[in-house]
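Participant: The file below is run17.cif, mmCIF, C-alpha atoms:
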data_model
#
loop_
_atom_site.label_atom_id
_atom_site.label_comp_id
_atom_site.auth_asym_id
_atom_site.auth_seq_id
_atom_site.Cartn_x
_atom_site.Cartn_y
_atom_site.Cartn_z
CA MET A 1 0.00 0.00 0.00
CA GLY A 2 2.88 2.33 0.70
CA GLY A 3 4.24 1.70 -2.78
CA LEU A 4 0.86 2.37 -4.34
CA SER A 5 0.36 5.59 -2.42
CA HIS A 6 3.87 6.75 -3.22
CA LEU A 7 3.38 5.86 -6.88
CA TRP A 8 0.16 7.88 -6.96
CA THR A 9 1.60 10.93 -5.22
CA GLN A 10 4.82 10.93 -7.26
CA GLY A 11 3.16 10.07 -10.58
CA ASP A 12 2.33 12.61 -13.21
CA ALA A 13 -0.97 13.07 -15.08
CA ILE A 14 -0.35 10.16 -17.45
CA SER A 15 0.47 7.70 -14.66
CA LYS A 16 -2.62 8.73 -12.73
CA ALA A 17 -4.78 8.51 -15.86
CA VAL A 18 -3.54 4.96 -16.53
CA ALA A 19 -4.22 3.95 -12.92
CA ALA A 20 -7.71 5.48 -13.03
CA LEU A 21 -8.43 3.73 -16.33
CA LEU A 22 -7.40 0.36 -14.90
CA LEU A 23 -9.61 0.98 -11.88
CA LEU A 24 -12.60 1.82 -14.08
CA MET A 25 -12.00 -1.25 -16.25
CA SER A 26 -11.80 -3.46 -13.18
CA ILE A 27 -15.02 -2.05 -11.70
CA GLY A 28 -16.82 -2.39 -15.03
CA ALA A 29 -15.63 -5.96 -15.52
CA TRP A 30 -16.66 -7.09 -12.03
CA VAL A 31 -20.08 -5.45 -12.36
CA VAL A 32 -20.64 -7.33 -15.62
CA ILE A 33 -19.32 -10.57 -14.12
CA PHE A 34 -21.73 -10.50 -11.18
CA TRP A 35 -24.69 -9.33 -13.27
CA LYS A 36 -24.09 -11.74 -16.13
CA GLY A 37 -23.45 -14.68 -13.84
CA TRP A 38 -26.80 -14.03 -12.17
CA LEU A 39 -28.55 -13.58 -15.54
CA LEU A 40 -27.18 -16.73 -17.15
CA ALA A 41 -27.83 -18.83 -14.06
CA ARG A 42 -31.48 -17.79 -14.15
CA ALA A 43 -31.67 -18.33 -17.91
CA ARG A 44 -30.31 -21.87 -17.70
CA HIS A 45 -32.70 -22.67 -14.86
CA ASP A 46 -35.66 -21.19 -16.76
CA LEU A 47 -34.81 -23.22 -19.86
CA ALA A 48 -34.54 -26.44 -17.89
CA ARG A 49 -37.95 -25.89 -16.27
CA GLY A 50 -39.83 -24.08 -19.02
CA VAL A 51 -39.29 -26.32 -22.04
CA PRO A 52 -40.70 -29.52 -20.48
CA VAL A 53 -43.66 -27.58 -19.07
CA PHE A 54 -44.38 -26.13 -22.51
CA TRP A 55 -44.52 -29.51 -24.22
CA ARG A 56 -46.70 -31.02 -21.51
CA ALA A 57 -49.45 -28.42 -22.12
CA SER A 58 -52.58 -29.29 -24.08
CA ASP A 59 -52.41 -26.39 -26.55
CA MET A 60 -50.40 -23.25 -27.38
CA ALA A 61 -52.46 -20.93 -25.16
CA ALA A 62 -52.18 -23.23 -22.16
CA ALA A 63 -48.48 -23.72 -22.83
CA ARG A 64 -47.83 -19.97 -22.79
CA LEU A 65 -49.71 -19.55 -19.52
CA ALA A 66 -47.75 -22.41 -17.97
CA VAL A 67 -44.38 -21.09 -19.12
CA GLN A 68 -44.96 -17.42 -18.22
CA PRO A 69 -44.25 -17.65 -14.46
CA LEU A 70 -41.20 -19.82 -15.11
CA ASP A 71 -39.62 -17.64 -17.80
CA ARG A 72 -38.18 -14.88 -15.60
CA GLU A 73 -35.67 -13.66 -18.21
CA ALA A 74 -38.14 -13.81 -21.14
CA ILE A 75 -36.14 -16.21 -23.26
CA LEU A 76 -38.96 -18.59 -24.23
CA LEU A 77 -41.97 -16.27 -24.36
CA PRO A 78 -40.70 -14.21 -27.34
CA LEU A 79 -40.39 -17.40 -29.39
CA ILE A 80 -43.84 -18.58 -28.36
CA ASP A 81 -45.38 -15.20 -29.18
CA ALA A 82 -43.59 -15.12 -32.54
CA ALA A 83 -45.09 -18.49 -33.43
CA LYS A 84 -48.60 -17.15 -32.71
CA LEU A 85 -48.29 -13.94 -34.72
CA SER A 86 -49.88 -13.51 -38.13
CA SER A 87 -48.76 -11.30 -41.00
CA GLN A 88 -50.44 -8.00 -41.68
CA PRO A 89 -52.70 -8.29 -44.74
CA GLY A 90 -51.37 -6.48 -47.78
CA SER A 91 -47.75 -6.46 -46.57
CA LEU A 92 -44.79 -8.03 -48.32
CA GLU A 93 -44.57 -10.51 -45.49
CA ALA A 94 -48.08 -11.75 -46.22
CA GLN A 95 -47.06 -12.60 -49.77
CA VAL A 96 -44.46 -15.09 -48.57
CA GLN A 97 -45.26 -18.71 -47.86
CA PRO A 98 -46.54 -19.30 -44.29
CA GLU A 99 -43.59 -21.57 -43.53
CA ALA A 100 -41.13 -18.83 -44.49
CA GLN A 101 -43.06 -16.25 -42.47
CA LEU A 102 -42.90 -18.41 -39.37
CA THR A 103 -39.20 -19.15 -39.88
CA ARG A 104 -38.38 -15.45 -40.19
CA ARG A 105 -40.36 -14.50 -37.07
CA LEU A 106 -38.76 -17.25 -35.01
CA ARG A 107 -35.30 -16.34 -36.30
CA ASP A 108 -35.75 -12.67 -35.43
CA SER A 109 -37.03 -13.50 -31.94
CA LEU A 110 -34.18 -15.94 -31.40
CA HIS A 111 -31.62 -13.31 -32.39
CA GLU A 112 -33.24 -10.79 -30.03
CA VAL A 113 -33.10 -13.23 -27.10
CA LEU A 114 -29.52 -14.24 -27.82
CA GLY A 115 -28.52 -10.59 -28.14
CA ARG A 116 -29.80 -9.93 -24.62
CA LEU A 117 -28.01 -12.97 -23.25
CA GLN A 118 -24.74 -11.98 -24.95
CA ALA A 119 -24.77 -8.44 -23.56
CA GLY A 120 -21.53 -7.65 -21.74
CA GLN A 121 -19.38 -10.17 -23.58
CA VAL A 122 -17.75 -7.47 -25.69
CA LEU A 123 -16.80 -5.50 -22.59
CA LEU A 124 -15.25 -8.54 -20.93
CA ALA A 125 -13.31 -9.39 -24.07
CA SER A 126 -12.11 -5.81 -24.44
CA VAL A 127 -11.02 -5.55 -20.83
CA GLY A 128 -9.22 -8.88 -21.00
CA ALA A 129 -7.39 -7.92 -24.18
CA VAL A 130 -6.57 -4.27 -23.46
CA SER A 131 -5.88 -4.02 -19.72
CA PRO A 132 -2.46 -5.81 -19.81
CA PHE A 133 -1.25 -3.33 -22.40
CA VAL A 134 -2.65 -0.41 -20.41
CA GLY A 135 -0.74 -1.69 -17.37
CA LEU A 136 2.39 -2.10 -19.49
CA LEU A 137 2.01 1.47 -20.71
CA GLY A 138 1.83 2.63 -17.10
CA THR A 139 4.95 0.62 -16.26
CA VAL A 140 6.97 1.98 -19.17
CA TRP A 141 5.92 5.53 -18.43
CA GLY A 142 6.54 5.07 -14.70
CA ILE A 143 10.06 3.75 -15.33
CA TYR A 144 10.77 6.62 -17.70
CA HIS A 145 9.45 9.10 -15.14
CA ALA A 146 11.54 7.49 -12.39
CA MET A 147 14.70 7.49 -14.48
CA MET A 148 14.23 11.14 -15.34
CA GLY A 149 13.90 11.96 -11.65
CA ILE A 150 17.04 9.97 -10.80
CA SER A 151 19.02 11.61 -13.60
CA ASN A 152 18.03 15.04 -12.33
CA GLU A 153 19.51 14.18 -8.95
CA GLY A 154 22.88 13.51 -10.58
CA SER A 155 23.63 10.27 -8.74
CA VAL A 156 22.55 6.70 -9.41
CA SER A 157 22.56 3.85 -6.89
CA LEU A 158 20.73 0.55 -6.58
CA ASP A 159 18.43 1.71 -3.81
CA LYS A 160 17.41 4.79 -5.77
CA VAL A 161 16.66 2.75 -8.90
CA ALA A 162 14.97 -0.28 -7.30
CA GLY A 163 12.27 1.67 -5.48
CA PRO A 164 10.88 3.71 -8.40
CA VAL A 165 11.21 0.83 -10.88
CA GLY A 166 9.49 -1.59 -8.51
CA GLU A 167 6.66 0.85 -8.00
CA ALA A 168 6.30 1.26 -11.75
CA LEU A 169 6.09 -2.53 -12.21
CA ILE A 170 3.00 -2.48 -10.02
CA MET A 171 1.12 -1.14 -13.05
CA THR A 172 1.88 -4.32 -15.01
CA ALA A 173 0.62 -6.45 -12.13
CA ALA A 174 -2.49 -4.28 -11.91
CA GLY A 175 -3.15 -4.75 -15.62
CA LEU A 176 -2.91 -8.53 -15.26
CA ALA A 177 -5.10 -8.48 -12.17
CA VAL A 178 -7.79 -6.70 -14.20
CA ALA A 179 -7.41 -8.93 -17.27
CA ILE A 180 -7.38 -12.41 -15.73
CA PRO A 181 -10.89 -12.37 -14.15
CA ALA A 182 -12.34 -10.80 -17.30
CA VAL A 183 -10.83 -13.46 -19.56
CA LEU A 184 -11.89 -16.33 -17.29
CA ALA A 185 -15.43 -14.97 -17.02
CA TYR A 186 -15.62 -14.46 -20.78
CA ASN A 187 -14.69 -18.08 -21.42
CA VAL A 188 -17.06 -19.48 -18.79
CA PHE A 189 -19.95 -17.32 -19.97
CA GLY A 190 -19.20 -18.21 -23.58
CA LYS A 191 -19.63 -21.90 -22.77
CA ILE A 192 -22.92 -21.24 -20.98
CA LEU A 193 -24.13 -19.06 -23.86
CA SER A 194 -23.34 -21.81 -26.36
CA ALA A 195 -25.45 -24.24 -24.36
CA CYS A 196 -28.32 -21.73 -24.14
CA GLU A 197 -28.11 -21.03 -27.86
CA ALA A 198 -28.25 -24.73 -28.71
CA ASP A 199 -31.27 -25.26 -26.46
CA LEU A 200 -33.10 -22.22 -27.84
CA GLU A 201 -32.39 -23.19 -31.44
CA GLY A 202 -33.70 -26.68 -30.74
CA PHE A 203 -36.80 -25.26 -29.08
CA ALA A 204 -37.41 -22.87 -32.00
CA HIS A 205 -37.04 -25.72 -34.50
CA ASP A 206 -39.42 -27.99 -32.57
CA LEU A 207 -41.88 -25.13 -32.13
CA ARG A 208 -41.87 -24.44 -35.87
CA GLU A 209 -42.52 -28.10 -36.63
CA ALA A 210 -45.34 -28.21 -34.08
CA VAL A 211 -47.04 -25.09 -35.46
CA LEU A 212 -46.73 -26.24 -39.06
CA GLY A 213 -47.79 -29.77 -38.17
CA HIS A 214 -51.17 -28.81 -36.66
CA PRO A 215 -52.90 -28.00 -39.98
CA ALA A 216 -51.60 -31.16 -41.63
CA ARG A 217 -52.80 -33.38 -38.80
CA GLY A 218 -56.13 -31.60 -38.75
CA ALA A 219 -56.62 -32.06 -42.49
CA GLY A 220 -55.73 -35.74 -42.24
CA SER A 221 -58.18 -36.34 -39.42
CA ASP A 222 -60.98 -34.61 -41.30
CA ALA A 223 -60.38 -36.79 -44.28
#
What is this file in structure tokens?

Facilitator:
Amino acid sequence: MGGLSHLWTQGDAISKAVAALLLLMSIGAWVVIFWKGWLLARARHDLARGVPVFWRASDMAAARLAVQPLDREAILLPLIDAAKLSSQPGSLEAQVQPEAQLTRRLRDSLHEVLGRLQAGQVLLASVGAVSPFVGLLGTVWGIYHAMMGISNEGSVSLDKVAGPVGEALIMTAAGLAVAIPAVLAYNVFGKILSACEADLEGFAHDLREAVLGHPARGAGSDA
């Protein structure tokens, strides 16, 4: 702590700006980590409970009512609502085959849901990639600043060099301390997101087949 305080008091505007930037990046990364961990945990739990409940329902309306209290992060309901929508008469969409209309609506809803789940990934990736170099910049500038101060004194000794250089190296350690949690969280969340995406794509595909299969089964039974 003494080295950090001395580094802050003896540093110039650039050193302080680098330290403040690393602090902001660390705070931002940890906020995203806690928020996204909570979000994805709820999403995985909602998927595991909601999908079986949906398929056990007697019809689409009953299925939506059964899923609604379980879908806290609204990852299934947009797909269900998209499957129930109809095209506006007279629009270009209405001129397309019903199968293509349904596919487009489900695809758009799926992309919207995945976009919400992927929020924050870019920030974690950016922090993990940039913060080590920001810390290195602070170290290089701190060493340069320390050497200039030593040269102005006119005498060089090991004790005078080791202290300022060691304090400057703290910036490199700070950059790594910011980057490592962000990179680990990005990789863990990426794996969870891949699992969620696979489950949602499977649900959207099965939902499309179920919606398109109702008319065919009805026509066959009438015959």

Participant: Quick one: which residues end up in the PyMOL selection byres ((chain A and resi 40-45) around 9) for this structure, as a list in words?

Facilitator: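 With the shown file as input, the PyMOL selection byres ((chain A and resi 40-45) around 9) matches Trp35, Lys36, Gly37, Trp38, Leu39, Asp46, Leu47, Ala48, Arg49, Gly50, Leu70, Asp71, Arg72, Glu73, Ala74, Ile75, Leu117, Phe189, Ile192, Leu193, Ala195 and Cys196 of chain A.
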
Participant: Just to confirm, what's the straight-line distance from CA of Val51 in chain A to CA of Val32 in chain A in Å (one decimal)?

Facilitator: 27.4 Å

Participant: For each of A:Ile80, A:Val127, A:Ala168, A:Ala17, take the minimum atom-to-atom distance to His145 in chain A, counting only C-alpha atoms, then give the residue where this is smallest.

Facilitator: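 Under the stated criterion, the closest residue is A:Ala168.
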
Participant: Measuring between only C-alpha atoms, which one of A:Tyr186, A:Leu106, A:Glu112, A:Met25 shows the shortest distance to His205 in chain A?

Facilitator: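 Between A:Tyr186, A:Leu106, A:Glu112, A:Met25, the residue approaching His205 in chain A most closely is A:Leu106.
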
Participant: Report the distance between CA of Ser109 in chain A and CA of Ala29 in chain A in Å, rounded to one decimal place.

Facilitator: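 Here the two named atoms are 28.0 Å from each other.
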
Participant: Hey, what's within 9 Å of Gly175 in chain A if we count all atoms listed in the file and toss same-chain stuff fewer than 5 positions away? As a ChimeraX atom specification, please?

Facilitator: /A:22,130-136,170,180

Participant: Kindly indicate which residue among A:Leu110, A:Ala62, A:Ala146, A:Ala129 lies nearest to Ala198 in chain A, using only C-alpha atoms for the distances.

Facilitator: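 Looking at the shortest contact to Ala198 in chain A, the residue is A:Leu110.
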
Participant: May I have the residues at most 12 Å from (-40.6, -26.2, -34.6) in the file's coordinates, counting all atoms listed in the file, as a PyMOL selection string?

Facilitator: chain A and resi 55+79-80+82-83+99+102-103+105-107+200-214

Participant: Have a look at A:Leu24, A:Gln68, A:Ser126, A:Gln121 and name the one nearest to Asn187 in chain A; count all atoms listed in the file.

Facilitator: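 Of the candidates, the smallest distance to Asn187 in chain A is held by A:Gln121.
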
Participant: May I ask which of the residues A:Gln97, A:Phe34, A:Gly138, A:Leu114 is the closest one to Ala185 in chain A, counting only C-alpha atoms?

Facilitator: A:Phe34

Participant: For Val53 in chain A, work out the shell of residues within 9 Å, counting only C-alpha atoms and skipping chain neighbours fewer than 5 positions away, then give it as a PDB file with C-alpha atoms, keeping the file's coordinate frame.

Facilitator:
ATOM      1  CA  ALA A  63     -48.480 -23.720 -22.830  1.00  0.00           C
ATOM      2  CA  ALA A  66     -47.750 -22.410 -17.970  1.00  0.00           C
ATOM      3  CA  VAL A  67     -44.380 -21.090 -19.120  1.00  0.00           C
TER       4      VAL A  67
END

Participant: Of the candidates A:Ile14, A:Leu124, A:Ala179, A:Ala174, which shows the shortest atom-to-atom distance to Gly28 in chain A, using only C-alpha atoms?

Facilitator: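 Looking only at the distances to Gly28 in chain A, the closest residue turns out to be A:Leu124.
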
Participant: Could you jot down the CA of Leu176 in chain A to CA of Met147 in chain A separation for me, Å, one decimal place?

Facilitator: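 The value is 23.8 Å.
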